[in-house]
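Chemist: Structure below; questions to follow.
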Amino acid sequence: MDKVNGYLFLAYSFLWAIFVAYLWVLARRQAQLRNELADLKRKLQEASLAGSPPRRP
Amino acid sequence: MVLKKIFPPSVHLVITLAWFVVALYMIFLYAPQEASMREVQRIFYVHFSSACTALLAYFFVFLGSMSYLWKRSRRADDFACASAEVGFIYCCCVLVTGPLWAKPAWGIWWTWDARLTSTFILWLLYIAYLMLRSYVTNPGRVEVLSAVVGILGFVNAIIDYMAIRWWRTQHPQPVLGGGAGSGLEPRMWWTVFVTWGAFLCLFFYLVRQRMALAQSHRELVELRRELTS
C-alpha cells in the first residue's frame, strides 16, 4: 500500500473504529441500566410484599 | 413510543447497515477517480458527510435547547443532549479525516484558516456542553445551563457554515450551494448524497439509542427515590 492510499485506509479505519466503539459503549451502558432497574424493581416488589419499604443501605 | 412500534431500533440498524454497504460500493466502485488527487479524494465523501452531520447535530442541539427553555419538556432536553453527544462523535470524524486528506492534498496537516478554526471551536463547544452536563449535577439547573450553551454556541455553527462563503480560505469553496462554477461530476453527486444519507440514518439511530438511555436513567432515579422515601 503506498503512502497516499495509507491516508485513505487510516481515515476509513478511524470512522469504523469510532462508531463501533460508541455503539459498544451505548450498549454496555444500556445493559448496566437495565440490570440496575430490574434489581431495584425486585427490591421494591419485596418491600411491598413485606409491607414496609427497605432501609437505605 | 409510537416510533418504537412502527419503526423498531433493530429495523433501523439493519437499514443503516444496508445503506452503508451501498454507500461504500458507490464510494469505491461507482464514483469516478478524481483527476488530480486520485484515490485519496475518496476521503471527501466521508469527510463531507461527517461535517454536514456535525453541523446539523448542533442545529438539533439548538432546537432542543430552545424547546426545553420554552416548554420545559424533558424529551426536548434529552434530544439536545443526545444530539450533542452524537454530534461530538461526528465532529471528531471531521477533525481526523480532514487532516488525513489535507496532508496529501495540501502538503500540510492543518492550518488556522476560518473554516478549520471554526470547526475546531465547534468541537470545543461540544466538549464544553458535555462537560457541563456531567459536572453540574443539580437537577433543573443543568438543563437550563446546557440549553444556554446550546443556544449561544449555535452562533459558531453559523460562522462555521458560512466561513468559506465569507472569507477566502485554504479550505475548498463550497460544493453544496456554492453558486456557479462549484459542484461535482453527477456520479460524485449521487455518491455524496447516498453517503450523507447513510451518515444521517446512523446519526438518528445513535440519537434514538442515547435518548432511550436517558429515559432508562430517569426511571432508575425515580425508582431509587421511591425506594428511599
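How things are named: the first chain in the C-alpha cells is A, the next is B, and so on; residues count from 1 in each chain; ligands count from 1 in the order shown.
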Please identify every residue of chain A that has at least one atom no more than 8 Å from any atom of chain B, counting only C-alpha atoms, and report them as a PyMOL selection string.
Modeler: chain A and resi 4-5+7-8+10-12+14-15+18-19+23+26+29-30+33-34+36-37+40-41+44+53-56
Chemist: Restrict the selected residues to C-alpha atoms and save them as a PDB file, in the first residue's frame.
Modeler:
```
ATOM      1  CA  VAL A   4      -1.374   8.154  -0.225  1.00  0.00           C
ATOM      2  CA  ASN A   5      -3.636   5.094  -0.016  1.00  0.00           C
ATOM      3  CA  TYR A   7      -4.206   8.042   4.388  1.00  0.00           C
ATOM      4  CA  LEU A   8      -7.399   6.719   2.797  1.00  0.00           C
ATOM      5  CA  LEU A  10      -6.492   5.392   8.031  1.00  0.00           C
ATOM      6  CA  ALA A  11      -9.470   7.730   7.500  1.00  0.00           C
ATOM      7  CA  TYR A  12     -11.951   4.876   6.898  1.00  0.00           C
ATOM      8  CA  PHE A  14     -10.857   5.612  12.155  1.00  0.00           C
ATOM      9  CA  LEU A  15     -14.510   6.105  11.164  1.00  0.00           C
ATOM     10  CA  ILE A  18     -15.107   5.318  16.478  1.00  0.00           C
ATOM     11  CA  PHE A  19     -18.654   4.311  15.507  1.00  0.00           C
ATOM     12  CA  LEU A  23     -22.167   1.721  19.764  1.00  0.00           C
ATOM     13  CA  LEU A  26     -24.038   2.734  24.423  1.00  0.00           C
ATOM     14  CA  ARG A  29     -24.455   1.484  29.459  1.00  0.00           C
ATOM     15  CA  GLN A  30     -27.942   0.344  28.431  1.00  0.00           C
ATOM     16  CA  LEU A  33     -29.014   0.384  33.495  1.00  0.00           C
ATOM     17  CA  ARG A  34     -31.377  -2.471  32.606  1.00  0.00           C
ATOM     18  CA  GLU A  36     -29.944  -1.951  37.888  1.00  0.00           C
ATOM     19  CA  LEU A  37     -33.593  -1.269  37.003  1.00  0.00           C
ATOM     20  CA  LEU A  40     -34.487  -2.091  42.019  1.00  0.00           C
ATOM     21  CA  LYS A  41     -37.885  -3.303  40.779  1.00  0.00           C
ATOM     22  CA  LEU A  44     -39.484  -2.634  45.510  1.00  0.00           C
ATOM     23  CA  PRO A  53     -40.043  -0.004  52.407  1.00  0.00           C
ATOM     24  CA  PRO A  54     -36.498  -1.405  52.757  1.00  0.00           C
ATOM     25  CA  ARG A  55     -33.988   0.681  54.648  1.00  0.00           C
ATOM     26  CA  ARG A  56     -31.361   2.518  52.721  1.00  0.00           C
TER      27      ARG A  56
END
```
Chemist: Give me the residues within 12 Å of Arg74 in chain B as a list in words, counting only C-alpha atoms and dropping any in the same chain fewer than 2 places off.
Modeler: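 Result of the neighbour search: Gly64, Ser65, Ser67, Tyr68, Leu69, Trp70, Lys71, Arg72, Ala76, Asp77, Asp78, Phe79, Ala80, Cys81, Pro139, Gly140, Glu143, Val144, Ala147, Met211, Ala214, Gln215 and Arg218 of chain B.
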Chemist: If I take CA of Ile159 in chain B and CA of Ile121 in chain B, how far is one from the other in Å, to one decimal?
Modeler: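 Answer for the CA of Ile159 in chain B to CA of Ile121 in chain B separation: 10.3 Å.
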Chemist: Mind listing the helix (DSSP H, G or I) residues of range 19-211 of chain B, per DSSP on the backbone, as a PyMOL selection string?
Modeler: chain B and resi 19-30+39-71+74-106+114-135+141-152+154-166+186-211
Chemist: Just write the chosen residues, C-alpha atoms, as a compact mmCIF listing (two decimals), in the first residue's frame.
Modeler:
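What landed in out.txt:
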```
# COMPACT_ATOMS: atom_id res chain seq x y z
CA TRP B 19 -27.31 1.83 3.45
CA PHE B 20 -23.63 1.87 4.45
CA VAL B 21 -22.93 -1.14 2.22
CA VAL B 22 -24.47 0.73 -0.73
CA ALA B 23 -22.55 3.91 0.18
CA LEU B 24 -19.23 2.04 0.35
CA TYR B 25 -19.94 0.39 -3.00
CA MET B 26 -20.60 3.81 -4.52
CA ILE B 27 -17.54 5.44 -2.92
CA PHE B 28 -15.06 2.81 -4.07
CA LEU B 29 -16.60 1.35 -7.23
CA TYR B 30 -19.21 3.73 -8.68
CA GLU B 39 -7.67 7.73 -4.80
CA VAL B 40 -7.18 9.86 -1.68
CA GLN B 41 -10.03 12.15 -2.84
CA ARG B 42 -12.42 9.35 -1.76
CA ILE B 43 -11.92 10.62 1.80
CA PHE B 44 -14.05 13.58 0.67
CA TYR B 45 -17.30 11.53 0.78
CA VAL B 46 -16.99 10.67 4.46
CA HIS B 47 -15.39 13.98 5.41
CA PHE B 48 -18.19 16.00 3.82
CA SER B 49 -20.93 13.74 5.25
CA SER B 50 -19.43 13.89 8.76
CA ALA B 51 -19.09 17.68 8.56
CA CYS B 52 -22.69 18.22 7.39
CA THR B 53 -24.00 15.87 10.07
CA ALA B 54 -21.90 17.51 12.82
CA LEU B 55 -23.30 20.93 11.83
CA LEU B 56 -26.84 19.58 11.62
CA ALA B 57 -26.39 17.95 15.03
CA TYR B 58 -25.58 21.33 16.54
CA PHE B 59 -28.70 22.72 14.92
CA PHE B 60 -30.64 19.96 16.71
CA VAL B 61 -28.90 20.90 19.97
CA PHE B 62 -30.09 24.46 19.36
CA LEU B 63 -33.67 23.33 18.59
CA GLY B 64 -33.80 21.00 21.61
CA SER B 65 -32.40 23.74 23.88
CA MET B 66 -34.90 26.33 22.64
CA SER B 67 -37.74 23.88 23.04
CA TYR B 68 -36.62 22.99 26.59
CA LEU B 69 -36.44 26.63 27.68
CA TRP B 70 -39.83 27.32 26.14
CA LYS B 71 -41.83 24.25 27.21
CA ARG B 74 -37.78 16.52 29.26
CA ARG B 75 -37.84 14.94 25.81
CA ALA B 76 -36.51 18.16 24.25
CA ASP B 77 -33.63 18.21 26.72
CA ASP B 78 -32.91 14.52 26.05
CA PHE B 79 -32.92 15.25 22.33
CA ALA B 80 -30.48 18.16 22.72
CA CYS B 81 -28.17 16.12 24.93
CA ALA B 82 -28.25 13.06 22.61
CA SER B 83 -27.62 15.27 19.56
CA ALA B 84 -24.64 16.87 21.33
CA GLU B 85 -23.08 13.53 22.23
CA VAL B 86 -23.54 12.01 18.77
CA GLY B 87 -22.61 15.32 17.09
CA PHE B 88 -19.35 15.28 19.03
CA ILE B 89 -18.52 11.86 17.54
CA TYR B 90 -19.17 13.22 14.04
CA CYS B 91 -17.10 16.33 14.77
CA CYS B 92 -14.19 14.05 15.80
CA CYS B 93 -14.58 12.31 12.42
CA VAL B 94 -14.34 15.67 10.62
CA LEU B 95 -11.23 16.69 12.54
CA VAL B 96 -9.50 13.37 11.84
CA THR B 97 -10.48 12.79 8.20
CA GLY B 98 -9.79 16.46 7.31
CA PRO B 99 -6.05 16.42 8.15
CA LEU B 100 -5.72 12.91 6.66
CA TRP B 101 -6.97 14.36 3.39
CA ALA B 102 -5.17 17.72 3.77
CA LYS B 103 -1.71 16.19 4.10
CA PRO B 104 -1.58 14.54 0.64
CA ALA B 105 -3.74 17.29 -0.97
CA TRP B 106 -2.17 20.47 0.50
CA ALA B 114 -11.55 30.42 9.12
CA ARG B 115 -13.27 27.09 8.31
CA LEU B 116 -10.81 24.85 10.13
CA THR B 117 -10.67 27.12 13.17
CA SER B 118 -14.47 27.45 13.45
CA THR B 119 -14.80 23.65 13.16
CA PHE B 120 -12.24 23.26 15.93
CA ILE B 121 -14.26 25.73 18.05
CA LEU B 122 -17.40 23.69 17.30
CA TRP B 123 -15.58 20.61 18.63
CA LEU B 124 -14.60 22.55 21.80
CA LEU B 125 -18.22 23.69 22.19
CA TYR B 126 -19.41 20.09 22.05
CA ILE B 127 -16.87 19.22 24.76
CA ALA B 128 -17.97 22.21 26.88
CA TYR B 129 -21.62 21.18 26.55
CA LEU B 130 -20.92 17.57 27.51
CA MET B 131 -18.63 18.55 30.40
CA LEU B 132 -21.31 20.86 31.73
CA ARG B 133 -23.82 18.01 31.64
CA SER B 134 -21.57 15.69 33.56
CA TYR B 135 -20.20 18.13 36.16
CA ARG B 141 -30.11 23.79 36.73
CA VAL B 142 -28.04 21.54 34.46
CA GLU B 143 -30.76 21.51 31.80
CA VAL B 144 -31.08 25.32 31.80
CA LEU B 145 -27.32 25.95 31.75
CA SER B 146 -26.68 23.48 28.94
CA ALA B 147 -29.61 24.90 26.97
CA VAL B 148 -27.98 28.34 27.21
CA VAL B 149 -24.66 26.90 25.97
CA GLY B 150 -26.53 25.08 23.19
CA ILE B 151 -28.19 28.29 22.03
CA LEU B 152 -25.12 30.56 22.30
CA PHE B 154 -25.16 27.95 17.58
CA VAL B 155 -23.66 31.29 16.53
CA ASN B 156 -20.38 29.45 15.93
CA ALA B 157 -22.18 26.75 13.91
CA ILE B 158 -23.47 29.50 11.59
CA ILE B 159 -19.98 31.02 11.31
CA ASP B 160 -18.59 27.55 10.58
CA TYR B 161 -21.11 27.02 7.79
CA MET B 162 -20.59 30.47 6.27
CA ALA B 163 -16.78 30.68 6.75
CA ILE B 164 -15.91 29.52 3.23
CA ARG B 165 -18.53 31.86 1.79
CA TRP B 166 -17.48 34.95 3.77
CA PRO B 186 -23.01 13.69 -11.48
CA ARG B 187 -21.80 10.27 -10.28
CA MET B 188 -19.87 12.02 -7.49
CA TRP B 189 -23.05 13.91 -6.53
CA TRP B 190 -25.03 10.69 -6.21
CA THR B 191 -22.26 9.19 -4.11
CA VAL B 192 -22.24 12.25 -1.85
CA PHE B 193 -25.99 12.09 -1.30
CA VAL B 194 -26.10 8.34 -0.65
CA THR B 195 -23.15 8.58 1.78
CA TRP B 196 -24.66 11.53 3.62
CA GLY B 197 -27.97 9.64 3.81
CA ALA B 198 -26.18 6.70 5.43
CA PHE B 199 -24.48 9.02 7.91
CA LEU B 200 -27.80 10.69 8.77
CA CYS B 201 -29.50 7.33 9.20
CA LEU B 202 -26.74 6.28 11.62
CA PHE B 203 -26.99 9.64 13.40
CA PHE B 204 -30.71 9.20 14.09
CA TYR B 205 -30.17 5.60 15.19
CA LEU B 206 -27.50 6.71 17.69
CA VAL B 207 -29.67 9.60 18.92
CA ARG B 208 -32.57 7.19 19.48
CA GLN B 209 -30.35 4.84 21.46
CA ARG B 210 -28.91 7.71 23.50
CA MET B 211 -32.41 9.04 24.26
```
